[in-house]
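S.K.: Got a structure for you, start16.txt, holding compact mmCIF, C-alpha atoms (C1' of nucleotides).
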```
# COMPACT_ATOMS: atom_id res chain seq x y z
CA MET A 1 20.33 73.85 0.28
CA LEU A 2 19.89 75.16 -3.24
CA GLU A 3 23.56 76.12 -3.20
CA HIS A 4 24.41 72.58 -2.21
CA PHE A 5 22.55 71.35 -5.25
CA GLU A 6 24.21 73.90 -7.50
CA LYS A 7 27.61 72.87 -6.21
CA PHE A 8 26.77 69.22 -6.78
CA LEU A 9 25.66 69.94 -10.32
CA SER A 10 28.63 72.05 -11.32
CA GLY A 11 30.92 69.43 -9.83
CA ARG A 12 29.47 67.13 -12.44
CA GLY A 13 29.51 69.63 -15.24
CA LEU A 14 25.75 70.04 -15.05
CA ARG A 15 23.63 73.15 -15.03
CA LEU A 16 21.06 74.55 -12.66
CA THR A 17 18.36 75.32 -15.19
CA ARG A 18 15.10 77.15 -14.71
CA GLN A 19 13.23 73.84 -14.76
CA ARG A 20 15.48 72.19 -12.21
CA GLN A 21 15.24 75.25 -9.99
CA GLN A 22 11.47 75.10 -10.22
CA VAL A 23 11.29 71.40 -9.38
CA VAL A 24 13.75 71.72 -6.50
CA GLN A 25 11.92 74.69 -5.08
CA VAL A 26 8.58 72.93 -5.04
CA PHE A 27 10.17 69.77 -3.72
CA LEU A 28 11.94 71.46 -0.83
CA SER A 29 8.88 73.43 0.21
CA GLN A 30 7.16 70.09 0.58
CA LYS A 31 6.95 68.40 3.98
CA ASP A 32 5.25 65.17 2.98
CA HIS A 33 6.55 62.11 1.25
CA VAL A 34 5.70 62.95 -2.35
CA SER A 35 5.57 60.57 -5.26
CA ALA A 36 7.03 61.64 -8.58
CA GLU A 37 3.58 62.15 -10.01
CA GLU A 38 2.37 64.24 -7.08
CA LEU A 39 5.41 66.46 -7.43
CA TYR A 40 4.90 66.68 -11.17
CA LEU A 41 1.33 67.89 -10.67
CA LYS A 42 2.40 70.53 -8.17
CA VAL A 43 5.19 71.76 -10.40
CA LYS A 44 2.86 71.77 -13.36
CA LYS A 45 0.49 74.14 -11.57
CA GLU A 46 3.08 76.89 -11.67
CA SER A 47 4.93 75.88 -14.80
CA PRO A 48 2.68 73.88 -17.09
CA GLU A 49 5.39 73.44 -19.69
CA ILE A 50 7.61 71.31 -17.46
CA GLY A 51 7.42 67.64 -18.39
CA TYR A 52 7.13 64.41 -16.47
CA THR A 53 10.59 63.38 -17.57
CA THR A 54 12.27 66.42 -16.15
CA VAL A 55 10.69 65.87 -12.75
CA TYR A 56 11.90 62.28 -12.69
CA ARG A 57 15.35 63.30 -13.79
CA THR A 58 15.61 66.05 -11.22
CA LEU A 59 14.44 63.76 -8.43
CA LYS A 60 17.17 61.34 -9.39
CA LEU A 61 19.74 64.10 -9.23
CA LEU A 62 18.43 65.26 -5.85
CA PHE A 63 18.79 61.73 -4.61
CA GLU A 64 22.33 61.48 -5.87
CA ALA A 65 23.10 64.84 -4.27
CA ASP A 66 21.80 63.46 -0.96
CA LEU A 67 19.09 66.08 -0.91
CA ALA A 68 16.28 63.57 -1.17
CA HIS A 69 15.56 60.32 0.58
CA VAL A 70 13.62 57.63 -1.23
CA HIS A 71 11.10 55.35 0.45
CA ASN A 72 9.04 52.48 -0.78
CA PHE A 73 5.98 52.05 1.29
CA ARG A 74 3.80 49.35 -0.16
CA ASP A 75 1.75 51.44 -2.56
CA GLY A 76 3.56 50.82 -5.80
CA PHE A 77 5.62 53.95 -6.26
CA SER A 78 8.65 55.62 -4.77
CA ARG A 79 8.10 58.46 -2.36
CA PHE A 80 10.61 61.24 -1.93
CA GLU A 81 11.38 63.27 1.14
CA PRO A 82 13.56 66.38 1.40
CA ALA A 83 16.73 65.49 3.27
CA HIS A 84 17.58 69.06 4.23
CA LEU A 85 17.83 69.43 7.97
CA VAL A 86 15.79 66.30 8.48
CA GLU A 87 17.21 64.04 11.15
CA HIS A 88 17.13 60.34 10.49
CA HIS A 89 13.84 58.76 11.43
CA ASP A 90 11.63 55.75 10.81
CA HIS A 91 7.98 55.47 9.82
CA LEU A 92 4.60 54.33 11.04
CA ILE A 93 2.38 53.75 8.01
CA CYS A 94 -1.38 53.51 8.38
CA ARG A 95 -2.93 50.86 6.18
CA LYS A 96 -6.31 52.60 6.21
CA CYS A 97 -5.60 56.25 5.43
CA GLY A 98 -2.07 55.85 4.11
CA GLY A 99 -0.88 58.47 6.58
CA ILE A 100 2.78 58.43 7.55
CA THR A 101 4.05 59.33 11.01
CA GLU A 102 7.72 59.76 11.66
CA PHE A 103 9.55 58.76 14.78
CA ALA A 104 13.10 58.50 16.02
CA ASN A 105 14.34 56.17 18.69
CA LYS A 106 17.98 56.06 19.71
CA HIS A 107 17.61 52.78 21.53
CA ILE A 108 16.41 51.01 18.43
CA GLU A 109 19.27 52.48 16.43
CA LYS A 110 21.79 51.38 19.03
CA MET A 111 20.43 47.86 19.03
CA GLN A 112 20.66 47.68 15.29
CA GLU A 113 24.31 48.61 15.59
CA ASN A 114 24.77 45.85 18.14
CA VAL A 115 23.13 43.29 15.91
CA ALA A 116 25.29 44.37 12.98
CA ARG A 117 28.45 44.21 15.07
CA GLU A 118 27.62 40.68 16.17
CA HIS A 119 27.46 39.70 12.52
CA GLY A 120 30.58 41.57 11.47
CA PHE A 121 28.32 43.68 9.27
CA LYS A 122 29.09 47.29 8.39
CA ILE A 123 25.88 49.35 8.22
CA THR A 124 25.38 52.00 5.57
CA ASP A 125 21.70 52.64 6.23
CA HIS A 126 18.46 50.97 7.12
CA THR A 127 14.71 50.97 6.74
CA LEU A 128 12.31 50.45 9.60
CA ASP A 129 8.69 50.69 8.52
CA ILE A 130 5.93 49.77 10.93
CA TYR A 131 2.57 49.04 9.31
CA GLY A 132 -0.76 49.08 11.09
CA VAL A 133 -3.65 51.36 11.92
CA CYS A 134 -3.16 54.87 13.21
CA ARG A 135 -5.01 56.43 16.12
CA ASP A 136 -7.50 58.29 13.96
CA CYS A 137 -8.47 55.26 11.91
CA GLN A 138 -9.25 52.87 14.74
CA MET B 139 1.85 22.79 5.15
CA LEU B 140 0.50 21.49 1.89
CA GLU B 141 -2.69 20.55 3.74
CA HIS B 142 -2.91 24.10 5.03
CA PHE B 143 -2.79 25.31 1.46
CA GLU B 144 -5.38 22.80 0.32
CA LYS B 145 -7.66 23.84 3.14
CA PHE B 146 -7.18 27.49 2.22
CA LEU B 147 -7.99 26.77 -1.40
CA SER B 148 -11.09 24.70 -0.78
CA GLY B 149 -12.29 27.34 1.66
CA ARG B 150 -12.33 29.63 -1.33
CA GLY B 151 -13.78 27.14 -3.74
CA LEU B 152 -10.43 26.73 -5.45
CA ARG B 153 -8.62 23.56 -6.47
CA LEU B 154 -5.23 22.14 -5.72
CA THR B 155 -4.15 21.35 -9.25
CA ARG B 156 -1.10 19.49 -10.44
CA GLN B 157 0.54 22.77 -11.43
CA ARG B 158 -0.13 24.42 -8.10
CA GLN B 159 1.15 21.38 -6.28
CA GLN B 160 4.32 21.50 -8.33
CA VAL B 161 4.93 25.19 -7.70
CA VAL B 162 4.23 24.89 -3.99
CA GLN B 163 6.50 21.88 -3.64
CA VAL B 164 9.46 23.64 -5.26
CA PHE B 165 8.74 26.81 -3.33
CA LEU B 166 8.62 25.13 0.06
CA SER B 167 11.79 23.13 -0.55
CA GLN B 168 13.47 26.49 -1.06
CA LYS B 169 15.34 28.18 1.79
CA ASP B 170 16.36 31.42 0.12
CA HIS B 171 14.40 34.48 -0.78
CA VAL B 172 13.37 33.62 -4.33
CA SER B 173 12.06 36.01 -6.92
CA ALA B 174 9.13 34.95 -9.08
CA GLU B 175 11.42 34.45 -12.04
CA GLU B 176 13.89 32.34 -10.10
CA LEU B 177 11.08 30.13 -8.89
CA TYR B 178 9.66 29.92 -12.39
CA LEU B 179 13.00 28.69 -13.73
CA LYS B 180 13.29 26.04 -11.03
CA VAL B 181 9.76 24.84 -11.57
CA LYS B 182 10.32 24.82 -15.30
CA LYS B 183 13.25 22.43 -14.92
CA GLU B 184 10.92 19.71 -13.72
CA SER B 185 7.76 20.72 -15.53
CA PRO B 186 8.60 22.73 -18.63
CA GLU B 187 4.98 23.18 -19.55
CA ILE B 188 4.13 25.30 -16.52
CA GLY B 189 3.88 28.97 -17.44
CA TYR B 190 5.11 32.19 -15.92
CA THR B 191 1.57 33.25 -15.17
CA THR B 192 0.78 30.20 -13.09
CA VAL B 193 3.85 30.75 -10.92
CA TYR B 194 2.86 34.33 -10.28
CA ARG B 195 -0.70 33.34 -9.51
CA THR B 196 0.34 30.58 -7.16
CA LEU B 197 2.74 32.86 -5.31
CA LYS B 198 -0.10 35.29 -4.82
CA LEU B 199 -2.26 32.53 -3.40
CA LEU B 200 0.53 31.36 -1.11
CA PHE B 201 0.87 34.89 0.15
CA GLU B 202 -2.84 35.16 0.79
CA ALA B 203 -2.73 31.81 2.58
CA ASP B 204 0.04 33.19 4.81
CA LEU B 205 2.40 30.54 3.52
CA ALA B 206 4.73 33.03 1.91
CA HIS B 207 6.24 36.29 3.07
CA VAL B 208 7.05 38.96 0.55
CA HIS B 209 10.05 41.26 0.77
CA ASN B 210 11.26 44.12 -1.31
CA PHE B 211 14.93 44.58 -0.98
CA ARG B 212 16.12 47.27 -3.31
CA ASP B 213 16.70 45.19 -6.40
CA GLY B 214 13.53 45.82 -8.33
CA PHE B 215 11.51 42.67 -7.76
CA SER B 216 9.62 40.99 -4.98
CA ARG B 217 11.27 38.14 -3.16
CA PHE B 218 9.28 35.36 -1.55
CA GLU B 219 10.14 33.33 1.50
CA PRO B 220 8.37 30.21 2.79
CA ALA B 221 6.55 31.11 5.98
CA HIS B 222 6.31 27.54 7.22
CA LEU B 223 7.88 27.20 10.63
CA VAL B 224 9.89 30.35 10.09
CA GLU B 225 9.89 32.62 13.10
CA HIS B 226 9.61 36.33 12.47
CA HIS B 227 12.96 37.90 11.71
CA ASP B 228 14.58 40.90 10.10
CA HIS B 229 17.30 41.18 7.48
CA LEU B 230 20.85 42.33 6.93
CA ILE B 231 21.34 42.90 3.20
CA CYS B 232 24.82 43.13 1.74
CA ARG B 233 25.13 45.78 -0.97
CA LYS B 234 28.11 44.04 -2.54
CA CYS B 235 27.15 40.38 -2.86
CA GLY B 236 23.42 40.74 -2.33
CA GLY B 237 23.55 38.16 0.44
CA ILE B 238 20.80 38.20 3.02
CA THR B 239 21.34 37.34 6.67
CA GLU B 240 18.42 36.91 9.00
CA PHE B 241 18.30 37.94 12.60
CA ALA B 242 15.79 38.21 15.40
CA ASN B 243 15.96 40.56 18.33
CA LYS B 244 13.27 40.69 20.96
CA HIS B 245 14.47 44.00 22.37
CA ILE B 246 14.02 45.75 19.06
CA GLU B 247 10.55 44.24 18.68
CA LYS B 248 9.59 45.39 22.18
CA MET B 249 10.78 48.90 21.49
CA GLN B 250 8.77 49.05 18.32
CA GLU B 251 5.72 48.14 20.35
CA ASN B 252 6.55 50.91 22.79
CA VAL B 253 6.90 53.45 20.01
CA ALA B 254 3.61 52.36 18.51
CA ARG B 255 1.83 52.54 21.84
CA GLU B 256 3.09 56.10 22.37
CA HIS B 257 1.46 57.05 19.08
CA GLY B 258 -1.77 55.14 19.68
CA PHE B 259 -0.83 53.04 16.68
CA LYS B 260 -1.91 49.42 16.29
CA ILE B 261 0.82 47.33 14.62
CA THR B 262 -0.01 44.68 12.07
CA ASP B 263 3.53 44.02 10.91
CA HIS B 264 6.81 45.69 10.12
CA THR B 265 9.91 45.67 7.98
CA LEU B 266 13.39 46.21 9.32
CA ASP B 267 16.06 45.95 6.66
CA ILE B 268 19.63 46.89 7.45
CA TYR B 269 21.80 47.61 4.41
CA GLY B 270 25.56 47.58 4.38
CA VAL B 271 28.52 45.31 3.75
CA CYS B 272 28.72 41.79 5.14
CA ARG B 273 31.74 40.29 6.83
CA ASP B 274 32.92 38.40 3.75
CA CYS B 275 32.75 41.41 1.46
CA GLN B 276 34.77 43.83 3.55
C1' DT C 277 -22.38 8.59 -17.53
C1' DT C 278 -23.64 12.73 -19.78
C1' DT C 279 -24.43 17.43 -18.83
C1' DT C 280 -23.45 21.67 -16.89
C1' DA C 281 -21.18 25.13 -14.50
C1' DT C 282 -17.06 26.82 -12.84
C1' DA C 283 -12.13 26.92 -12.06
C1' DT C 284 -7.53 26.71 -14.37
C1' DT C 285 -4.31 27.11 -17.70
C1' DG C 286 -0.72 29.39 -20.71
C1' DA C 287 0.21 32.68 -24.37
C1' DA C 288 -0.16 37.02 -25.48
C1' DA C 289 -1.58 41.55 -24.58
C1' DA C 290 -2.11 45.09 -21.16
C1' DC C 291 -0.54 47.57 -17.24
C1' DG C 292 1.88 51.22 -14.60
C1' DA C 293 5.90 53.24 -12.78
C1' DT C 294 10.11 54.58 -14.47
C1' DT C 295 13.78 55.14 -18.06
C1' DT C 296 15.53 55.87 -22.51
C1' DT C 297 15.59 57.79 -27.14
C1' DC C 298 15.78 61.45 -30.09
C1' DA C 299 15.20 65.66 -32.40
C1' DT C 300 15.16 70.30 -30.84
C1' DT C 301 16.43 74.03 -27.87
C1' DT C 302 19.29 76.31 -24.43
C1' DC C 303 23.39 77.65 -22.42
C1' DC C 304 28.36 78.41 -21.74
C1' DG C 305 32.97 79.47 -23.13
C1' DT C 306 35.53 81.02 -26.94
C1' DA D 307 27.97 85.19 -33.23
C1' DC D 308 29.74 80.30 -33.11
C1' DG D 309 30.46 75.58 -31.78
C1' DG D 310 29.82 72.00 -28.60
C1' DA D 311 27.93 70.05 -24.58
C1' DA D 312 23.94 69.71 -21.71
C1' DA D 313 18.82 69.90 -21.12
C1' DT D 314 14.34 69.53 -22.57
C1' DG D 315 9.82 67.20 -23.43
C1' DA D 316 7.11 63.97 -26.16
C1' DA D 317 6.93 59.60 -27.41
C1' DA D 318 8.61 55.04 -27.29
C1' DA D 319 10.82 51.50 -24.67
C1' DT D 320 11.61 48.81 -20.45
C1' DC D 321 10.58 45.62 -16.94
C1' DG D 322 8.17 43.32 -13.33
C1' DT D 323 3.67 42.03 -12.78
C1' DT D 324 -1.34 41.48 -13.92
C1' DT D 325 -5.12 40.80 -16.92
C1' DT D 326 -7.49 38.96 -20.94
C1' DC D 327 -9.12 35.31 -23.52
C1' DA D 328 -9.94 31.11 -25.74
C1' DA D 329 -9.11 26.41 -24.70
C1' DT D 330 -9.00 22.72 -21.24
C1' DA D 331 -9.87 20.33 -16.99
C1' DT D 332 -12.64 19.16 -13.11
C1' DA D 333 -16.28 18.77 -9.74
C1' DA D 334 -21.05 18.51 -8.98
C1' DA D 335 -25.72 17.84 -10.82
C1' DA D 336 -28.87 15.37 -13.46
```
Go ahead and render the structure in this file as structure tokens.
M.R.:
Amino acid sequence: MLEHFEKFLSGRGLRLTRQRQQVVQVFLSQKDHVSAEELYLKVKKESPEIGYTTVYRTLKLLFEADLAHVHNFRDGFSRFEPAHLVEHHDHLICRKCGGITEFANKHIEKMQENVAREHGFKITDHTLDIYGVCRDCQ
Amino acid sequence: MLEHFEKFLSGRGLRLTRQRQQVVQVFLSQKDHVSAEELYLKVKKESPEIGYTTVYRTLKLLFEADLAHVHNFRDGFSRFEPAHLVEHHDHLICRKCGGITEFANKHIEKMQENVAREHGFKITDHTLDIYGVCRDCQ
DNA sequence: TTTTATATTGAAAACGATTTTCATTTCCGT
DNA sequence: ACGGAAATGAAAATCGTTTTCAATATAAAA
């Protein structure tokens, strides 16, 4: 997955620098949906000299390289998720604890395709976020 | 629907002022998904003295009164939709022209409930946005 | 009706996440 | 080593949205 990124970068005439490597490494080792700031703080722990800007820039590159998915749950900032090996899925978001549970449902996907077909619409992607209260918070 | 708003306001010790009336009237006569700025410009046409701030504040009140739904398609700002008489629905968003098509599908809703039940999750609401290219843009 | 308290307004300033600028540093190919 | 492009990080800018604040309007009390 790091090779994928390196290939993507060199294809654009860009370099895999120490800082980018560091950010990518921390990002990929991450299972949760991290915000830019959360990632920045984690990176900073190991490499205090790396700046906010670089984290943002690297996240953008990861997104463009299809190595990161971006989500906007309703908390004001973008959350990033490693795309490596992760199958497509949707989210249950708890309004109390903020916890995010992933799920996948082929039926729902199929039906979305049906709806799109009925409208002559060609799907590129979609977002299905279900908000409510999770088991632990009830 | 205006009475609903008035009732909501007075229940909070708030007043239905001329400005609020004006904003609400323009908003409700609107079918599309308007951004705050778009609404501001339309309101301004009839009442040039009404300020940006008041539009924002009134939209917030409408939202709290359940008279407006808020959506975040991926264009950077919130879009508001009159909730009056509008049945719940989801969206097909065209990446080329930005056009938004609404649809409703009971099967998909049911399946979401099933998924939630499996996770012991209590749904309050959800967002299903399908992105792609609409018929006219292909 | 006058007083009083409270809500409302609009302009401007503040906010917060993200992006851009810019001077400096690093890296690669020659 | 050298020259040029890319990368960095701090600070400033951006942009949608919210807050502040002094002035105004309005409802209720006296």
S.K.: For the interface of chain A with chain D (cut-off 10 Å, counting all atoms listed in the file), please tabulate each contacting residue of chain A alongside its nearest pair of atoms and their separation in Å to one decimal, rows sorted by chain and increasing number, as a Markdown table.
M.R.:
```
| residue | atom | partner | partner_atom | distance |
| --- | --- | --- | --- | --- |
| A:Gly13 | CA | D:DA312 | C1' | 8.5 |
| A:Leu14 | CA | D:DA312 | C1' | 6.9 |
| A:Arg15 | CA | D:DA312 | C1' | 7.5 |
| A:Leu16 | CA | D:DA313 | C1' | 9.9 |
| A:Thr17 | CA | D:DA313 | C1' | 8.0 |
| A:Gln19 | CA | D:DT314 | C1' | 9.0 |
| A:Arg20 | CA | D:DA313 | C1' | 9.8 |
| A:Glu49 | CA | D:DG315 | C1' | 8.5 |
| A:Ile50 | CA | D:DG315 | C1' | 7.6 |
| A:Gly51 | CA | D:DG315 | C1' | 5.6 |
| A:Tyr52 | CA | D:DG315 | C1' | 8.0 |
| A:Thr53 | CA | D:DG315 | C1' | 7.0 |
| A:Thr54 | CA | D:DT314 | C1' | 7.4 |
```
S.K.: In Å, how far is it from atom CA of Val181 of chain B to atom CA of Asp228 of chain B?
M.R.: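 Separation of atom CA of Val181 of chain B and atom CA of Asp228 of chain B: 27.4 Å.
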S.K.: Contacts from chain C to chain A, 9 Å maximum, all atoms listed in the file: show me the residue list as a PyMOL selection string.
M.R.: chain C and resi 292-295+303
S.K.: Find, counting only C-alpha atoms, the residue in B:Leu179, B:Val172, B:Cys235, B:Val161 that gets nearest to Asn210 of chain B.
M.R.: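 Looking only at the distances to Asn210 of chain B, the closest residue turns out to be B:Val172.
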S.K.: Neighbours of Glu109 of chain A within 12 Å (all atoms listed in the file; same-chain residues fewer than 6 positions away dropped), as a list of chain:residue names?
M.R.: A:His88, A:His89, A:Asp90, A:Phe103, A:Val115, A:Ala116, A:Ile123, A:Asp125, A:His126, A:Thr127, A:Leu128, B:His245, B:Ile246, B:Met249, B:Gln250, B:Leu266, B:Ile268
S.K.: With C-alpha atoms kept, could you save the residues just selected as a PDB file, in the coordinates of the input?
M.R.:
```
ATOM      1  CA  HIS A  88      17.130  60.340  10.490  1.00  0.00           C
ATOM      2  CA  HIS A  89      13.840  58.760  11.430  1.00  0.00           C
ATOM      3  CA  ASP A  90      11.630  55.750  10.810  1.00  0.00           C
ATOM      4  CA  PHE A 103       9.550  58.760  14.780  1.00  0.00           C
ATOM      5  CA  VAL A 115      23.130  43.290  15.910  1.00  0.00           C
ATOM      6  CA  ALA A 116      25.290  44.370  12.980  1.00  0.00           C
ATOM      7  CA  ILE A 123      25.880  49.350   8.220  1.00  0.00           C
ATOM      8  CA  ASP A 125      21.700  52.640   6.230  1.00  0.00           C
ATOM      9  CA  HIS A 126      18.460  50.970   7.120  1.00  0.00           C
ATOM     10  CA  THR A 127      14.710  50.970   6.740  1.00  0.00           C
ATOM     11  CA  LEU A 128      12.310  50.450   9.600  1.00  0.00           C
TER      12      LEU A 128
ATOM     13  CA  HIS B 245      14.470  44.000  22.370  1.00  0.00           C
ATOM     14  CA  ILE B 246      14.020  45.750  19.060  1.00  0.00           C
ATOM     15  CA  MET B 249      10.780  48.900  21.490  1.00  0.00           C
ATOM     16  CA  GLN B 250       8.770  49.050  18.320  1.00  0.00           C
ATOM     17  CA  LEU B 266      13.390  46.210   9.320  1.00  0.00           C
ATOM     18  CA  ILE B 268      19.630  46.890   7.450  1.00  0.00           C
TER      19      ILE B 268
END
```
S.K.: Between atom CA of Phe8 of chain A and atom CA of Arg79 of chain A, what is the distance, to one decimal in Å?
M.R.: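 Answer for the atom CA of Phe8 of chain A to atom CA of Arg79 of chain A separation: 22.0 Å.
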S.K.: Please indicate the distance in Å from atom CA of His142 of chain B to atom CA of Arg156 of chain B, rounded to one decimal place.
M.R.: 16.2 Å
S.K.: Pick from A:Asn114, A:Thr124, A:Gln30, A:Gln21: nearest to chain B, with all atoms listed in the file counted?
M.R.: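 Distance minimum relative to chain B lands on A:Thr124.
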S.K.: Would you mind listing what lies within 9 Å of Thr101 of chain A as a list in words, with only C-alpha atoms (C1' of nucleotides) counted and same-chain residues fewer than 2 positions away left out?
M.R.: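 Near neighbours after the sequence-gap exclusion: Asp90, His91, Leu92, Ile93, Cys94, Gly99, Phe103 and Cys134 of chain A; His257 of chain B.
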S.K.: Quick one: of A:Glu81, A:Glu38, A:Glu3, A:Glu118, who's nearest to chain B, counting all atoms listed in the file?
M.R.: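 Smallest distance to chain B is found for A:Glu118.
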